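For reference, the structure discussed in these notes is given below.
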Amino acid sequence: MIATKLYVRAFKSIYEMEIPFDGRMNVIIGANESGKTNILRALHSFLPEVPFDTSLTCQYSNHYYMGKCPEVTLEFSGLTKENRNQLLQISEVFKDIESFQVRRDGPSLKDYHLLIGDSEVDNIDVRNFIKLLPKVLYFSDISLLKNRVDYESLVSNHPEYNTERNLLKIGAIEDYEIIFEDSTRGRRAMDEASRIITEQIRRAWSQEPSIEIKLSVNGSTLYIDFSDDTTVFDTPESRSLGFRWYLSFYVNFVAQTFEARANEYIFLVDEPGIHLHPGGQKDLVNVLEDLSLKNQLIYTTHSPFMINKQNPERVFLAVKDKNGTRVDTKAYRDNWKTLRKEIDILPGDLFFFTAPTVNNDSADKKRAGLLHKLK
């Protein structure tokens, strides 16, 4: 099951908006303050545990003057056999349908409405119904990988140490006690985890193909170090912010999808790659493409390097004017003219460092020939 359409009314800077979603990757690009993040927040607010009240209502909408909450509606389609069997336990209306909509317009479970066509379905178990929909997971502030972490912090389940826990998860370490053992088994487990993590990172980060991750334990503390062809082992905090962010994002994202079933999640990512240079951003787009093979992905950006131009239909341009935030679903027309105008990029800005089409030797020979003729 995937989300195929989002409809928003009176949410923050959004007066009214409809976006058709691709089943894999969706990119919302726009200038700062264009309302990109509000689109993600509207999607995130679909979750029952996320606050949803009049503080989110668009202040220049009728809803605001009437004291009403916003409205967020998601359309779902692509039901698998498993999806349909689970939904049939909620209601027989799911027997033959290909799509349905769910609207939230208030803070409680009774403010969720199941819509099939133009009709609302009554008397459903909303709590269990919501659990059957794809889970919306919002990546905003990612905890950056630390130099070290102690055993008590790892087992505490405190969110501050999620990145370190997920790093170990990628290295196939679920039982932390093993790597803290002063034994051959503990050292072998740690070496194997280091090897697996290194392979994963090298696959995703082409900027440094020689990158190596080394885990080591001293007493009750786990140390995390990196090296490449130019350095001996060093700490994560000594690396660039761009690399550290990239690695932390990758670790958290991959660990989250390890055991997930296809289309179990809708991932929302706000401004990924903001600390990366263009080459790193292109690497990140490739990673996101791979991750979207299994789960639907929606992210915001203001960088043209974060767009896969081979799939222009996945790109939505966020624009804010006197009527609030809206989206242009065909920002690619006229060679991306509309997009370039909105994010204030000229062709010369992107091609300033383009290599000359004629090498220097050829150019010198042509100039010499021309001078000879002039003589």
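Chains: A, B, ... in order of the structure tokens. Residues: from 1 per chain. Ligands: from 1, in order shown.
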- Item | Gly35 in chain A surroundings by only C-alpha atoms, 8 Å radius, close-in-sequence under 3 positions cut, as a ChimeraX atom specification | /A:13-14,32,38-39,318-320,325
- Task: Skip Val8 in chain A itself and residues of its chain fewer than 3 positions away, then list as a ChimeraX atom specification all residues within 12 Å of it, counting only C-alpha atoms.
- Result: /A:5,11-20,38-43,45-46,56-58,69-75,102-105,325-327
- Message: So that I can see what lies close to range 230-245 of chain A, please list as a VMD selection string the residues with an atom at most 6 Å from it, counting only C-alpha atoms and leaving out residues fewer than 5 positions away in the same chain.
- Response: chain A and resid 147 225 275 to 276
- Item | strand (DSSP E or B) call set, DSSP backbone run, range 63-127 of chain A, as a list in words | Glu71, Val72, Thr73, Leu74, Glu75, Phe76, Ser77, Ser99, Phe100, Gln101, Val102, Arg103, Arg104, Tyr112, His113, Leu114, Leu115, Ile116, Ser119, Glu120 and Val121 of chain A
With N, CA, C and O atoms retained, export the selected residues as a short mmCIF file (atom, residue, chain, number, x, y, z; two decimals), in the first residue's frame.
```cif
data_model
loop_
_atom_site.label_atom_id
_atom_site.label_comp_id
_atom_site.auth_asym_id
_atom_site.auth_seq_id
_atom_site.Cartn_x
_atom_site.Cartn_y
_atom_site.Cartn_z
N GLU A 71 -7.28 20.47 7.82
CA GLU A 71 -7.67 19.18 7.29
C GLU A 71 -6.51 18.59 6.50
O GLU A 71 -5.93 19.28 5.65
N VAL A 72 -6.17 17.35 6.80
CA VAL A 72 -5.12 16.64 6.06
C VAL A 72 -5.70 15.31 5.60
O VAL A 72 -6.17 14.52 6.42
N THR A 73 -5.68 15.09 4.29
CA THR A 73 -6.24 13.87 3.71
C THR A 73 -5.19 13.14 2.90
O THR A 73 -4.49 13.76 2.09
N LEU A 74 -5.07 11.84 3.14
CA LEU A 74 -4.16 11.01 2.36
C LEU A 74 -4.97 9.97 1.58
O LEU A 74 -5.89 9.36 2.14
N GLU A 75 -4.62 9.82 0.31
CA GLU A 75 -5.22 8.77 -0.50
C GLU A 75 -4.25 7.60 -0.59
O GLU A 75 -3.05 7.79 -0.80
N PHE A 76 -4.76 6.38 -0.42
CA PHE A 76 -3.94 5.18 -0.48
C PHE A 76 -4.43 4.26 -1.59
O PHE A 76 -5.64 4.15 -1.84
N SER A 77 -3.49 3.61 -2.26
CA SER A 77 -3.84 2.63 -3.29
C SER A 77 -2.72 1.58 -3.34
O SER A 77 -1.82 1.59 -2.52
N SER A 99 -8.73 1.90 -4.03
CA SER A 99 -8.15 3.04 -3.32
C SER A 99 -9.15 3.57 -2.30
O SER A 99 -10.36 3.29 -2.39
N PHE A 100 -8.65 4.32 -1.34
CA PHE A 100 -9.51 4.96 -0.35
C PHE A 100 -8.78 6.17 0.22
O PHE A 100 -7.56 6.33 0.04
N GLN A 101 -9.50 7.04 0.91
CA GLN A 101 -8.93 8.23 1.51
C GLN A 101 -9.18 8.23 3.01
O GLN A 101 -10.19 7.71 3.48
N VAL A 102 -8.24 8.83 3.73
CA VAL A 102 -8.40 9.02 5.16
C VAL A 102 -8.15 10.50 5.47
O VAL A 102 -7.11 11.04 5.09
N ARG A 103 -9.11 11.13 6.14
CA ARG A 103 -8.98 12.56 6.47
C ARG A 103 -8.88 12.73 7.98
O ARG A 103 -9.61 12.08 8.74
N ARG A 104 -7.98 13.61 8.38
CA ARG A 104 -7.91 14.01 9.79
C ARG A 104 -8.27 15.49 9.88
O ARG A 104 -7.68 16.32 9.18
N TYR A 112 -10.85 11.20 12.67
CA TYR A 112 -10.39 10.51 11.46
C TYR A 112 -11.62 10.00 10.71
O TYR A 112 -12.55 9.48 11.31
N HIS A 113 -11.57 10.15 9.37
CA HIS A 113 -12.72 9.76 8.56
C HIS A 113 -12.25 8.92 7.38
O HIS A 113 -11.34 9.33 6.64
N LEU A 114 -12.84 7.75 7.22
CA LEU A 114 -12.56 6.88 6.07
C LEU A 114 -13.52 7.24 4.95
O LEU A 114 -14.74 7.21 5.12
N LEU A 115 -12.96 7.56 3.79
CA LEU A 115 -13.76 7.99 2.64
C LEU A 115 -13.51 7.06 1.46
O LEU A 115 -12.36 6.80 1.09
N ILE A 116 -14.57 6.54 0.90
CA ILE A 116 -14.49 5.75 -0.33
C ILE A 116 -15.36 6.43 -1.36
O ILE A 116 -16.57 6.52 -1.21
N SER A 119 -18.29 8.95 -0.29
CA SER A 119 -19.04 8.50 0.88
C SER A 119 -18.12 8.21 2.05
O SER A 119 -17.02 7.67 1.88
N GLU A 120 -18.58 8.56 3.25
CA GLU A 120 -17.84 8.27 4.46
C GLU A 120 -18.33 6.95 5.05
O GLU A 120 -19.52 6.68 5.11
N VAL A 121 -17.38 6.12 5.47
CA VAL A 121 -17.70 4.82 6.07
C VAL A 121 -17.77 4.99 7.58
O VAL A 121 -16.81 5.47 8.21
#
```
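Considering only C-alpha atoms, the residue among A:Ile343, A:Gly219, A:Ser61, A:Ile97 positioned nearest to Glu33 in chain A is A:Ile343.
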- Using DSSP on the backbone coordinates, identify the residues of range 37-196 of chain A assigned to alpha helix (DSSP H); present them as a PyMOL selection string. chain A and resi 37-44+62-65+81-88+126-131+151-155+162-170+176-179+184-196
Just-selected residues, C-alpha atoms written as a compact mmCIF listing (two decimals), in the first residue's frame:
```txt
# COMPACT_ATOMS: atom_id res chain seq x y z
CA THR A 37 8.71 21.95 5.67
CA ASN A 38 5.02 22.66 6.29
CA ILE A 39 4.15 20.05 3.67
CA LEU A 40 6.18 17.47 5.60
CA ARG A 41 4.63 18.62 8.88
CA ALA A 42 1.16 18.22 7.41
CA LEU A 43 2.03 14.63 6.46
CA HIS A 44 3.58 13.97 9.86
CA ASN A 62 -11.85 30.61 6.94
CA HIS A 63 -10.95 27.74 9.26
CA TYR A 64 -8.95 30.17 11.42
CA TYR A 65 -11.81 32.65 11.85
CA LYS A 81 -3.32 -9.26 -0.84
CA GLU A 82 -1.99 -9.02 2.71
CA ASN A 83 -3.17 -5.40 3.00
CA ARG A 84 -6.65 -6.32 1.83
CA ASN A 85 -6.96 -9.30 4.18
CA GLN A 86 -5.98 -7.12 7.14
CA LEU A 87 -8.34 -4.31 6.12
CA LEU A 88 -11.23 -6.74 5.70
CA VAL A 126 -10.22 3.72 13.97
CA ARG A 127 -7.39 2.83 16.34
CA ASN A 128 -6.69 -0.53 14.70
CA PHE A 129 -7.40 0.84 11.21
CA ILE A 130 -4.69 3.50 11.54
CA LYS A 131 -2.20 0.81 12.60
CA TYR A 151 27.63 0.41 27.75
CA GLU A 152 25.05 2.00 30.08
CA SER A 153 24.15 4.62 27.46
CA LEU A 154 23.69 1.95 24.75
CA VAL A 155 21.25 -0.07 26.84
CA ASN A 162 20.20 6.09 18.57
CA THR A 163 22.89 6.66 15.92
CA GLU A 164 25.46 4.60 17.86
CA ARG A 165 22.92 1.83 18.44
CA ASN A 166 21.97 1.83 14.75
CA LEU A 167 25.64 1.71 13.73
CA LEU A 168 26.00 -1.50 15.70
CA LYS A 169 22.77 -2.80 14.22
CA ILE A 170 24.23 -2.40 10.72
CA TYR A 176 25.88 -5.35 23.24
CA GLU A 177 27.34 -7.53 25.97
CA ILE A 178 29.26 -9.55 23.36
CA ILE A 179 31.50 -6.70 22.20
CA THR A 184 38.36 -13.75 21.81
CA ARG A 185 34.66 -13.98 20.96
CA GLY A 186 34.15 -10.31 21.85
CA ARG A 187 37.13 -9.12 19.79
CA ARG A 188 36.07 -11.23 16.78
CA ALA A 189 32.52 -9.86 16.96
CA MET A 190 33.87 -6.32 17.05
CA ASP A 191 36.24 -6.89 14.13
CA GLU A 192 33.45 -8.45 12.06
CA ALA A 193 31.10 -5.57 12.85
CA SER A 194 33.82 -3.10 11.78
CA ARG A 195 34.24 -4.95 8.48
CA ILE A 196 30.50 -5.05 7.72
```
- Task: Select, from A:Ile197, A:Leu79, A:Ala31, A:Met25, the residue with the minimum atom-to-atom distance to Lys214 in chain A, counting only C-alpha atoms.
- Result: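 Distance minimum relative to Lys214 in chain A lands on A:Ile197.
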